[in-house]
$ cat data_12.pdb   # PDB, C-alpha atoms, pLDDT in the B column
ATOM      1  CA  MET A  10       3.935 -13.634 -53.230  1.00 89.00           C
ATOM      2  CA  PHE A  11       0.479 -13.521 -54.726  1.00 96.00           C
ATOM      3  CA  ALA A  12      -2.148 -16.225 -54.325  1.00 96.00           C
ATOM      4  CA  VAL A  13      -4.566 -17.765 -56.795  1.00 97.00           C
ATOM      5  CA  GLY A  14      -7.529 -15.415 -57.179  1.00 96.00           C
ATOM      6  CA  ASP A  15      -5.621 -12.231 -56.325  1.00 97.00           C
ATOM      7  CA  LEU A  16      -6.123  -9.190 -58.537  1.00 97.00           C
ATOM      8  CA  VAL A  17      -2.821  -7.638 -59.592  1.00 97.00           C
ATOM      9  CA  CYS A  18      -1.656  -4.831 -61.843  1.00 97.00           C
ATOM     10  CA  TYR A  19       0.912  -5.598 -64.532  1.00 95.00           C
ATOM     11  CA  PRO A  20       2.505  -2.525 -66.152  1.00 94.00           C
ATOM     12  CA  MET A  21       1.458  -1.794 -69.741  1.00 91.00           C
ATOM     13  CA  HIS A  22      -1.215  -4.529 -69.565  1.00 93.00           C
ATOM     14  CA  GLY A  23      -3.490  -3.649 -66.692  1.00 94.00           C
ATOM     15  CA  VAL A  24      -5.437  -5.615 -64.120  1.00 96.00           C
ATOM     16  CA  GLY A  25      -5.325  -9.372 -64.138  1.00 96.00           C
ATOM     17  CA  ARG A  26      -6.348 -12.189 -61.870  1.00 97.00           C
ATOM     18  CA  VAL A  27      -3.857 -14.843 -60.787  1.00 97.00           C
ATOM     19  CA  GLU A  28      -5.495 -17.961 -62.214  1.00 96.00           C
ATOM     20  CA  THR A  29      -2.843 -20.478 -61.220  1.00 97.00           C
ATOM     21  CA  ILE A  30       0.738 -20.747 -60.062  1.00 97.00           C
ATOM     22  CA  GLU A  31       2.451 -23.396 -62.126  1.00 96.00           C
ATOM     23  CA  GLU A  32       5.885 -24.852 -62.608  1.00 95.00           C
ATOM     24  CA  HIS A  33       7.243 -24.492 -66.132  1.00 92.00           C
ATOM     25  CA  THR A  34      10.541 -25.012 -67.878  1.00 91.00           C
ATOM     26  CA  VAL A  35      11.442 -22.101 -70.135  1.00 87.00           C
ATOM     27  CA  LEU A  36      14.772 -21.983 -71.966  1.00 91.00           C
ATOM     28  CA  GLY A  37      16.032 -24.859 -69.829  1.00 92.00           C
ATOM     29  CA  GLU A  38      15.199 -23.142 -66.530  1.00 89.00           C
ATOM     30  CA  THR A  39      12.458 -24.543 -64.307  1.00 94.00           C
ATOM     31  CA  GLY A  40      10.556 -22.138 -62.103  1.00 95.00           C
ATOM     32  CA  GLN A  41       7.221 -21.059 -60.698  1.00 97.00           C
ATOM     33  CA  TYR A  42       5.031 -18.824 -62.885  1.00 97.00           C
ATOM     34  CA  TYR A  43       1.922 -16.807 -62.226  1.00 97.00           C
ATOM     35  CA  LEU A  44      -0.660 -17.367 -64.939  1.00 96.00           C
ATOM     36  CA  LEU A  45      -2.582 -14.098 -65.222  1.00 97.00           C
ATOM     37  CA  ARG A  46      -5.863 -13.602 -67.035  1.00 96.00           C
ATOM     38  CA  PHE A  47      -6.507  -9.945 -67.735  1.00 95.00           C
ATOM     39  CA  LEU A  48      -9.922  -8.502 -66.958  1.00 90.00           C
ATOM     40  CA  GLY A  49     -12.069  -7.446 -69.870  1.00 75.00           C
ATOM     41  CA  GLY A  50     -10.245  -9.555 -72.399  1.00 74.00           C
ATOM     42  CA  ARG A  51      -8.983 -12.935 -73.369  1.00 84.00           C
ATOM     43  CA  MET A  52      -5.317 -12.124 -72.937  1.00 92.00           C
ATOM     44  CA  THR A  53      -3.184 -14.122 -70.518  1.00 94.00           C
ATOM     45  CA  ALA A  54       0.429 -13.829 -69.413  1.00 94.00           C
ATOM     46  CA  MET A  55       2.911 -15.993 -67.566  1.00 94.00           C
ATOM     47  CA  VAL A  56       5.093 -14.048 -65.145  1.00 95.00           C
ATOM     48  CA  PRO A  57       7.977 -15.720 -63.315  1.00 95.00           C
ATOM     49  CA  VAL A  58       7.370 -15.565 -59.573  1.00 96.00           C
ATOM     50  CA  SER A  59      11.084 -14.879 -59.043  1.00 95.00           C
ATOM     51  CA  THR A  60      11.033 -11.695 -61.144  1.00 94.00           C
ATOM     52  CA  ALA A  61       7.500 -10.452 -60.454  1.00 95.00           C
ATOM     53  CA  ASP A  62       8.722  -7.492 -58.377  1.00 93.00           C
ATOM     54  CA  ARG A  63      11.355  -6.530 -60.925  1.00 93.00           C
ATOM     55  CA  VAL A  64       8.848  -6.417 -63.808  1.00 93.00           C
ATOM     56  CA  GLY A  65       6.454  -4.310 -61.731  1.00 94.00           C
ATOM     57  CA  LEU A  66       3.724  -6.820 -60.872  1.00 96.00           C
ATOM     58  CA  ARG A  67       1.999  -5.333 -57.848  1.00 96.00           C
ATOM     59  CA  GLU A  68      -1.143  -5.255 -55.739  1.00 96.00           C
ATOM     60  CA  LEU A  69      -3.931  -2.956 -56.851  1.00 97.00           C
ATOM     61  CA  ALA A  70      -3.947   0.578 -55.525  1.00 96.00           C
ATOM     62  CA  ASP A  71      -5.686   1.000 -52.187  1.00 96.00           C
ATOM     63  CA  ALA A  72      -8.648   3.334 -51.615  1.00 93.00           C
ATOM     64  CA  GLU A  73      -6.470   6.232 -50.436  1.00 95.00           C
ATOM     65  CA  THR A  74      -4.250   6.020 -53.510  1.00 96.00           C
ATOM     66  CA  CYS A  75      -7.302   5.853 -55.788  1.00 95.00           C
ATOM     67  CA  GLU A  76      -8.620   9.039 -54.187  1.00 93.00           C
ATOM     68  CA  SER A  77      -5.215  10.680 -54.766  1.00 94.00           C
ATOM     69  CA  VAL A  78      -5.367   9.656 -58.436  1.00 95.00           C
ATOM     70  CA  ILE A  79      -8.878  11.066 -58.819  1.00 93.00           C
ATOM     71  CA  ARG A  80      -7.788  14.336 -57.184  1.00 92.00           C
ATOM     72  CA  LEU A  81      -4.756  14.504 -59.503  1.00 92.00           C
ATOM     73  CA  LEU A  82      -6.906  13.937 -62.592  1.00 92.00           C
ATOM     74  CA  THR A  83      -9.493  16.537 -61.613  1.00 90.00           C
ATOM     75  CA  ASP A  84      -6.967  19.190 -60.564  1.00 87.00           C
ATOM     76  CA  ASP A  85      -6.099  21.750 -63.244  1.00 78.00           C
ATOM     77  CA  ALA A  86      -2.367  21.718 -62.481  1.00 76.00           C
ATOM     78  CA  CYS A  87      -0.191  19.606 -64.748  1.00 76.00           C
ATOM     79  CA  LEU A  88       3.491  18.678 -64.676  1.00 72.00           C
ATOM     80  CA  PRO A  89       5.670  20.776 -67.009  1.00 77.00           C
ATOM     81  CA  GLU A  90       5.885  19.282 -70.483  1.00 78.00           C
ATOM     82  CA  ILE A  91       9.145  18.447 -72.248  1.00 79.00           C
ATOM     83  CA  ASP A  92       9.289  20.142 -75.658  1.00 78.00           C
ATOM     84  CA  ASN A  93      11.363  17.456 -77.375  1.00 82.00           C
ATOM     85  CA  TRP A  94       8.777  14.858 -78.482  1.00 84.00           C
ATOM     86  CA  ASN A  95      11.308  12.005 -78.489  1.00 88.00           C
ATOM     87  CA  GLN A  96      12.432  12.685 -74.911  1.00 91.00           C
ATOM     88  CA  ARG A  97       8.823  13.216 -73.791  1.00 91.00           C
ATOM     89  CA  TYR A  98       7.797   9.903 -75.367  1.00 94.00           C
ATOM     90  CA  ARG A  99      10.692   8.012 -73.710  1.00 95.00           C
ATOM     91  CA  ASP A 100      10.004   9.586 -70.303  1.00 95.00           C
ATOM     92  CA  ASN A 101       6.326   8.690 -70.521  1.00 95.00           C
ATOM     93  CA  LEU A 102       7.139   5.149 -71.655  1.00 96.00           C
ATOM     94  CA  ASP A 103       9.513   4.708 -68.710  1.00 96.00           C
ATOM     95  CA  LYS A 104       6.745   5.812 -66.327  1.00 95.00           C
ATOM     96  CA  LEU A 105       4.278   3.380 -67.884  1.00 96.00           C
ATOM     97  CA  ARG A 106       6.768   0.504 -67.742  1.00 94.00           C
ATOM     98  CA  ALA A 107       7.425   1.181 -64.053  1.00 93.00           C
ATOM     99  CA  GLY A 108       3.661   0.911 -63.524  1.00 92.00           C
ATOM    100  CA  LYS A 109       3.213   3.168 -60.480  1.00 94.00           C
ATOM    101  CA  VAL A 110      -0.408   4.270 -60.573  1.00 96.00           C
ATOM    102  CA  LEU A 111       0.311   7.955 -59.871  1.00 95.00           C
ATOM    103  CA  ASP A 112       2.905   8.025 -62.671  1.00 95.00           C
ATOM    104  CA  VAL A 113       0.426   6.408 -65.062  1.00 96.00           C
ATOM    105  CA  ALA A 114      -2.149   9.026 -64.048  1.00 96.00           C
ATOM    106  CA  ASN A 115       0.353  11.817 -64.727  1.00 95.00           C
ATOM    107  CA  VAL A 116       1.079  10.401 -68.195  1.00 95.00           C
ATOM    108  CA  VAL A 117      -2.638  10.177 -68.976  1.00 95.00           C
ATOM    109  CA  LYS A 118      -3.255  13.696 -67.703  1.00 94.00           C
ATOM    110  CA  SER A 119      -0.365  15.284 -69.632  1.00 93.00           C
ATOM    111  CA  LEU A 120      -1.226  13.469 -72.875  1.00 93.00           C
ATOM    112  CA  LEU A 121      -4.892  14.438 -72.536  1.00 92.00           C
ATOM    113  CA  LYS A 122      -3.886  18.070 -72.043  1.00 91.00           C
ATOM    114  CA  ARG A 123      -1.545  17.923 -75.045  1.00 91.00           C
ATOM    115  CA  ASP A 124      -4.244  16.291 -77.176  1.00 91.00           C
ATOM    116  CA  ARG A 125      -6.726  19.053 -76.328  1.00 89.00           C
ATOM    117  CA  GLU A 126      -4.202  21.829 -76.999  1.00 89.00           C
ATOM    118  CA  ARG A 127      -2.171  20.569 -79.975  1.00 89.00           C
ATOM    119  CA  GLY A 128      -3.145  17.035 -80.847  1.00 89.00           C
ATOM    120  CA  LEU A 129      -1.112  13.856 -80.449  1.00 91.00           C
ATOM    121  CA  SER A 130       1.151  12.006 -82.823  1.00 91.00           C
ATOM    122  CA  ALA A 131       0.124   8.449 -83.710  1.00 93.00           C
ATOM    123  CA  GLY A 132       2.620   7.039 -81.203  1.00 93.00           C
ATOM    124  CA  GLU A 133       1.475   9.298 -78.400  1.00 94.00           C
ATOM    125  CA  ARG A 134      -2.184   8.569 -79.180  1.00 95.00           C
ATOM    126  CA  LYS A 135      -1.535   4.829 -78.888  1.00 96.00           C
ATOM    127  CA  MET A 136       0.355   5.430 -75.630  1.00 96.00           C
ATOM    128  CA  PHE A 137      -2.502   7.568 -74.295  1.00 95.00           C
ATOM    129  CA  LEU A 138      -5.162   4.976 -75.113  1.00 94.00           C
ATOM    130  CA  THR A 139      -3.131   2.174 -73.512  1.00 94.00           C
ATOM    131  CA  ALA A 140      -2.328   4.187 -70.394  1.00 96.00           C
ATOM    132  CA  ARG A 141      -5.938   5.350 -70.086  1.00 95.00           C
ATOM    133  CA  GLN A 142      -7.259   1.795 -70.283  1.00 93.00           C
ATOM    134  CA  VAL A 143      -4.736   0.524 -67.713  1.00 94.00           C
ATOM    135  CA  LEU A 144      -5.552   3.385 -65.340  1.00 96.00           C
ATOM    136  CA  ILE A 145      -9.338   3.144 -65.646  1.00 95.00           C
ATOM    137  CA  GLY A 146      -9.179  -0.642 -65.293  1.00 94.00           C
ATOM    138  CA  GLU A 147      -7.233  -0.360 -62.062  1.00 96.00           C
ATOM    139  CA  LEU A 148      -9.427   2.382 -60.623  1.00 96.00           C
ATOM    140  CA  SER A 149     -12.514   0.330 -61.467  1.00 95.00           C
ATOM    141  CA  ALA A 150     -11.155  -2.892 -59.963  1.00 95.00           C
ATOM    142  CA  SER A 151      -9.886  -1.092 -56.853  1.00 95.00           C
ATOM    143  CA  THR A 152     -12.996   0.955 -56.133  1.00 94.00           C
ATOM    144  CA  GLY A 153     -15.692  -1.374 -57.460  1.00 93.00           C
ATOM    145  CA  ARG A 154     -17.031   1.433 -59.667  1.00 93.00           C
ATOM    146  CA  PRO A 155     -17.811   0.569 -63.313  1.00 93.00           C
ATOM    147  CA  GLU A 156     -15.299   1.787 -65.913  1.00 92.00           C
ATOM    148  CA  SER A 157     -18.063   3.749 -67.654  1.00 90.00           C
ATOM    149  CA  GLU A 158     -18.502   5.809 -64.486  1.00 90.00           C
ATOM    150  CA  LEU A 159     -14.786   6.705 -64.400  1.00 91.00           C
ATOM    151  CA  LEU A 160     -14.147   7.560 -68.061  1.00 89.00           C
ATOM    152  CA  TRP A 161     -15.055  11.224 -67.586  1.00 87.00           C
ATOM    153  CA  LEU A 162     -11.844  11.572 -65.539  1.00 86.00           C
ATOM    154  CA  VAL A 163      -9.712  10.906 -68.597  1.00 85.00           C
ATOM    155  CA  GLY A 164     -11.603  12.576 -71.410  1.00 79.00           C
ATOM    156  CA  GLY A 165     -13.859   9.625 -72.146  1.00 70.00           C
ATOM    157  CA  GLU A 166     -17.549   9.620 -72.947  1.00 59.00           C
TER     158      GLU A 166
END
$ encode --input "data_12.pdb" --output "structure tokens"
Amino acid sequence: MFAVGDLVCYPMHGVGRVETIEEHTVLGETGQYYLLRFLGGRMTAMVPVSTADRVGLRELADAETCESVIRLLTDDACLPEIDNWNQRYRDNLDKLRAGKVLDVANVVKSLLKRDRERGLSAGERKMFLTARQVLIGELSASTGRPESELLWLVGGE
């Protein structure tokens, strides 16, 4: 269970701070909810405490994992790409929904490579930008380094 003030990562949304833990009744069911406020924006989300694990709410990556992500992003090797765009899109979306930081990094890396070699469709571009923001936000929050200092890892300015 997370506490008020904890920084957490929520798949597809990024890093948020637990502002409060409140009791709410939703669709006739009463339960405890984390109220998250996402960093760098005004967006908030309510996540049921009882299903937080199932939806992928997790602690931020530790220093060792962040170093692994940075090594992965700077290494030239890339996972093999699926030719069928529909299957590739669904596989990448599943990885992003699961929210594991190394999977998110692999999605960002493969989409960046594809963009540089062939370009991205509108859907893949949107996916890339979302995944990149989630990844950079987590690396920044975990390491204390500003996002602007980490953008070079993912093809940013």
$ axis_aligned_box --input "data_12.pdb" --around "stretch 104-108 of chain A" --padding-each-side "4 Å" --output "lines of an AutoDock Vina configuration file"
center_x = 5.5
center_y = 3.2
center_z = -65.7
size_x = 11.8
size_y = 13.3
size_z = 12.4
$ resolve_selection --input "data_12.pdb" --expression "the PyMOL selection byres ((chain A and resi 55) around 9)" --output "list of chain:residue names"
A:Tyr42, A:Tyr43, A:Leu44, A:Leu45, A:Thr53, A:Ala54, A:Val56, A:Pro57
$ resolve_selection --input "data_12.pdb" --expression "the PyMOL selection byres ((chain A and resi 31) around 6)" --output "PyMOL selection string"
chain A and resi 30+32+41-42
$ resolve_selection --input "data_12.pdb" --expression "the PyMOL selection byres ((chain A and resi 25) around 12)" --output "PyMOL selection string"
chain A and resi 11+13-24+26-29+43-56+66-69+143+146-147+150-151
$ residues_around --input "data_12.pdb" --residues "A:Arg97" --least-positions-apart "2" --cutoff "12 Å" --atoms "all atoms listed in the file" --output "list of chain:residue names"
A:Leu88, A:Pro89, A:Glu90, A:Ile91, A:Asp92, A:Asn93, A:Trp94, A:Asn95, A:Arg99, A:Asp100, A:Asn101, A:Leu102, A:Asp103, A:Lys104, A:Val116, A:Ser119, A:Leu120, A:Arg123, A:Leu129, A:Ser130, A:Gly132, A:Glu133, A:Met136
$ closest_residue --input "data_12.pdb" --among "A:Glu38, A:Leu159, A:Val113, A:Arg127" --to "A:Thr139" --atoms "all atoms listed in the file"
A:Val113
$ residues_around --input "data_12.pdb" --residues "A:Gly165" --least-positions-apart "2" --cutoff "12 Å" --atoms "only C-alpha atoms" --output "list in words"
Val117, Leu121, Phe137, Leu138, Arg141, Gln142, Ile145, Glu156, Ser157, Glu158, Leu159, Leu160, Trp161, Leu162 and Val163 of chain A
$ residues_around --input "data_12.pdb" --residues "A:Asp71" --least-positions-apart "3" --cutoff "10 Å" --atoms "only C-alpha atoms" --output "ChimeraX atom specification"
/A:68,74-76,148,151-152
$ atom_distance --input "data_12.pdb" --atom1 "atom CA of A:Asp62" --atom2 "atom CA of A:Arg134"
28.5 Å
$ atom_distance --input "data_12.pdb" --atom1 "atom CA of A:Asp112" --atom2 "atom CA of A:Cys87"
12.2 Å
$ decode --input "data_12.pdb" --residues "stretch 92-132 of chain A" --atoms "N, CA and C atoms" --output "CSV table (one decimal), in the first residue's frame"
chain,number,residue,atom,x,y,z
A,92,ASP,N,6.8,-7.3,-38.6
A,92,ASP,CA,6.5,-6.6,-39.8
A,92,ASP,C,5.0,-6.1,-39.9
A,93,ASN,N,4.1,-6.9,-39.4
A,93,ASN,CA,2.7,-6.6,-39.4
A,93,ASN,C,2.4,-5.4,-38.5
A,94,TRP,N,2.1,-4.2,-39.0
A,94,TRP,CA,1.9,-3.0,-38.2
A,94,TRP,C,0.9,-3.2,-37.1
A,95,ASN,N,-0.2,-3.9,-37.4
A,95,ASN,CA,-1.3,-4.1,-36.5
A,95,ASN,C,-0.8,-4.9,-35.3
A,96,GLN,N,-0.1,-6.0,-35.6
A,96,GLN,CA,0.4,-6.8,-34.5
A,96,GLN,C,1.4,-6.1,-33.7
A,97,ARG,N,2.3,-5.3,-34.4
A,97,ARG,CA,3.3,-4.5,-33.7
A,97,ARG,C,2.7,-3.5,-32.8
A,98,TYR,N,1.7,-2.8,-33.3
A,98,TYR,CA,1.0,-1.8,-32.5
A,98,TYR,C,0.4,-2.4,-31.2
A,99,ARG,N,-0.3,-3.6,-31.4
A,99,ARG,CA,-1.0,-4.2,-30.2
A,99,ARG,C,0.1,-4.7,-29.2
A,100,ASP,N,1.2,-5.3,-29.7
A,100,ASP,CA,2.2,-5.7,-28.8
A,100,ASP,C,2.8,-4.6,-28.0
A,101,ASN,N,3.1,-3.5,-28.7
A,101,ASN,CA,3.6,-2.3,-28.0
A,101,ASN,C,2.6,-1.7,-27.0
A,102,LEU,N,1.3,-1.7,-27.4
A,102,LEU,CA,0.3,-1.2,-26.5
A,102,LEU,C,0.2,-2.1,-25.2
A,103,ASP,N,0.3,-3.4,-25.4
A,103,ASP,CA,0.3,-4.3,-24.3
A,103,ASP,C,1.4,-4.0,-23.3
A,104,LYS,N,2.6,-3.8,-23.9
A,104,LYS,CA,3.8,-3.5,-23.0
A,104,LYS,C,3.6,-2.2,-22.3
A,105,LEU,N,3.0,-1.2,-22.9
A,105,LEU,CA,2.8,0.1,-22.3
A,105,LEU,C,1.8,0.0,-21.2
A,106,ARG,N,0.7,-0.8,-21.4
A,106,ARG,CA,-0.3,-1.0,-20.4
A,106,ARG,C,0.2,-1.7,-19.2
A,107,ALA,N,1.1,-2.7,-19.4
A,107,ALA,CA,1.7,-3.4,-18.3
A,107,ALA,C,2.5,-2.5,-17.4
A,108,GLY,N,3.2,-1.5,-18.1
A,108,GLY,CA,3.9,-0.4,-17.4
A,108,GLY,C,5.3,-0.8,-16.8
A,109,LYS,N,5.9,-1.9,-17.2
A,109,LYS,CA,7.2,-2.2,-16.7
A,109,LYS,C,8.2,-1.3,-17.4
A,110,VAL,N,9.0,-0.7,-16.7
A,110,VAL,CA,9.9,0.4,-17.2
A,110,VAL,C,10.8,-0.1,-18.3
A,111,LEU,N,11.3,-1.3,-18.2
A,111,LEU,CA,12.2,-1.8,-19.3
A,111,LEU,C,11.4,-2.1,-20.5
A,112,ASP,N,10.1,-2.5,-20.4
A,112,ASP,CA,9.3,-2.7,-21.6
A,112,ASP,C,9.0,-1.4,-22.2
A,113,VAL,N,8.7,-0.4,-21.4
A,113,VAL,CA,8.4,0.9,-22.0
A,113,VAL,C,9.6,1.5,-22.7
A,114,ALA,N,10.8,1.2,-22.1
A,114,ALA,CA,12.0,1.7,-22.8
A,114,ALA,C,12.2,0.9,-24.1
A,115,ASN,N,11.9,-0.3,-24.2
A,115,ASN,CA,12.0,-1.1,-25.4
A,115,ASN,C,11.1,-0.6,-26.5
A,116,VAL,N,9.9,-0.2,-26.1
A,116,VAL,CA,8.9,0.4,-27.0
A,116,VAL,C,9.4,1.7,-27.6
A,117,VAL,N,9.9,2.5,-26.7
A,117,VAL,CA,10.4,3.8,-27.1
A,117,VAL,C,11.6,3.6,-28.1
A,118,LYS,N,12.5,2.8,-27.7
A,118,LYS,CA,13.7,2.5,-28.5
A,118,LYS,C,13.3,2.0,-29.9
A,119,SER,N,12.4,1.0,-30.0
A,119,SER,CA,12.0,0.4,-31.3
A,119,SER,C,11.3,1.4,-32.1
A,120,LEU,N,10.4,2.2,-31.5
A,120,LEU,CA,9.6,3.2,-32.3
A,120,LEU,C,10.6,4.3,-32.8
A,121,LEU,N,11.5,4.7,-32.0
A,121,LEU,CA,12.5,5.7,-32.4
A,121,LEU,C,13.3,5.2,-33.6
A,122,LYS,N,13.7,4.0,-33.5
A,122,LYS,CA,14.5,3.4,-34.6
A,122,LYS,C,13.6,3.4,-35.9
A,123,ARG,N,12.4,2.9,-35.7
A,123,ARG,CA,11.5,2.9,-36.9
A,123,ARG,C,11.3,4.2,-37.5
A,124,ASP,N,11.1,5.2,-36.6
A,124,ASP,CA,10.8,6.6,-37.1
A,124,ASP,C,12.0,7.1,-37.9
A,125,ARG,N,13.2,6.8,-37.4
A,125,ARG,CA,14.4,7.3,-38.1
A,125,ARG,C,14.6,6.6,-39.5
A,126,GLU,N,14.2,5.3,-39.5
A,126,GLU,CA,14.4,4.5,-40.7
A,126,GLU,C,13.3,4.6,-41.8
A,127,ARG,N,12.1,4.6,-41.3
A,127,ARG,CA,10.9,4.6,-42.2
A,127,ARG,C,9.8,5.6,-41.9
A,128,GLY,N,9.8,6.2,-40.7
A,128,GLY,CA,8.8,7.1,-40.3
A,128,GLY,C,7.7,6.3,-39.6
A,129,LEU,N,6.9,7.0,-38.9
A,129,LEU,CA,5.8,6.4,-38.1
A,129,LEU,C,4.4,6.8,-38.6
A,130,SER,N,3.5,5.9,-38.4
A,130,SER,CA,2.1,6.2,-38.7
A,130,SER,C,1.6,7.2,-37.6
A,131,ALA,N,0.5,7.8,-37.8
A,131,ALA,CA,0.0,8.7,-36.8
A,131,ALA,C,-0.3,8.0,-35.5
A,132,GLY,N,-0.8,6.8,-35.5
A,132,GLY,CA,-1.0,6.1,-34.3
A,132,GLY,C,0.3,5.7,-33.5
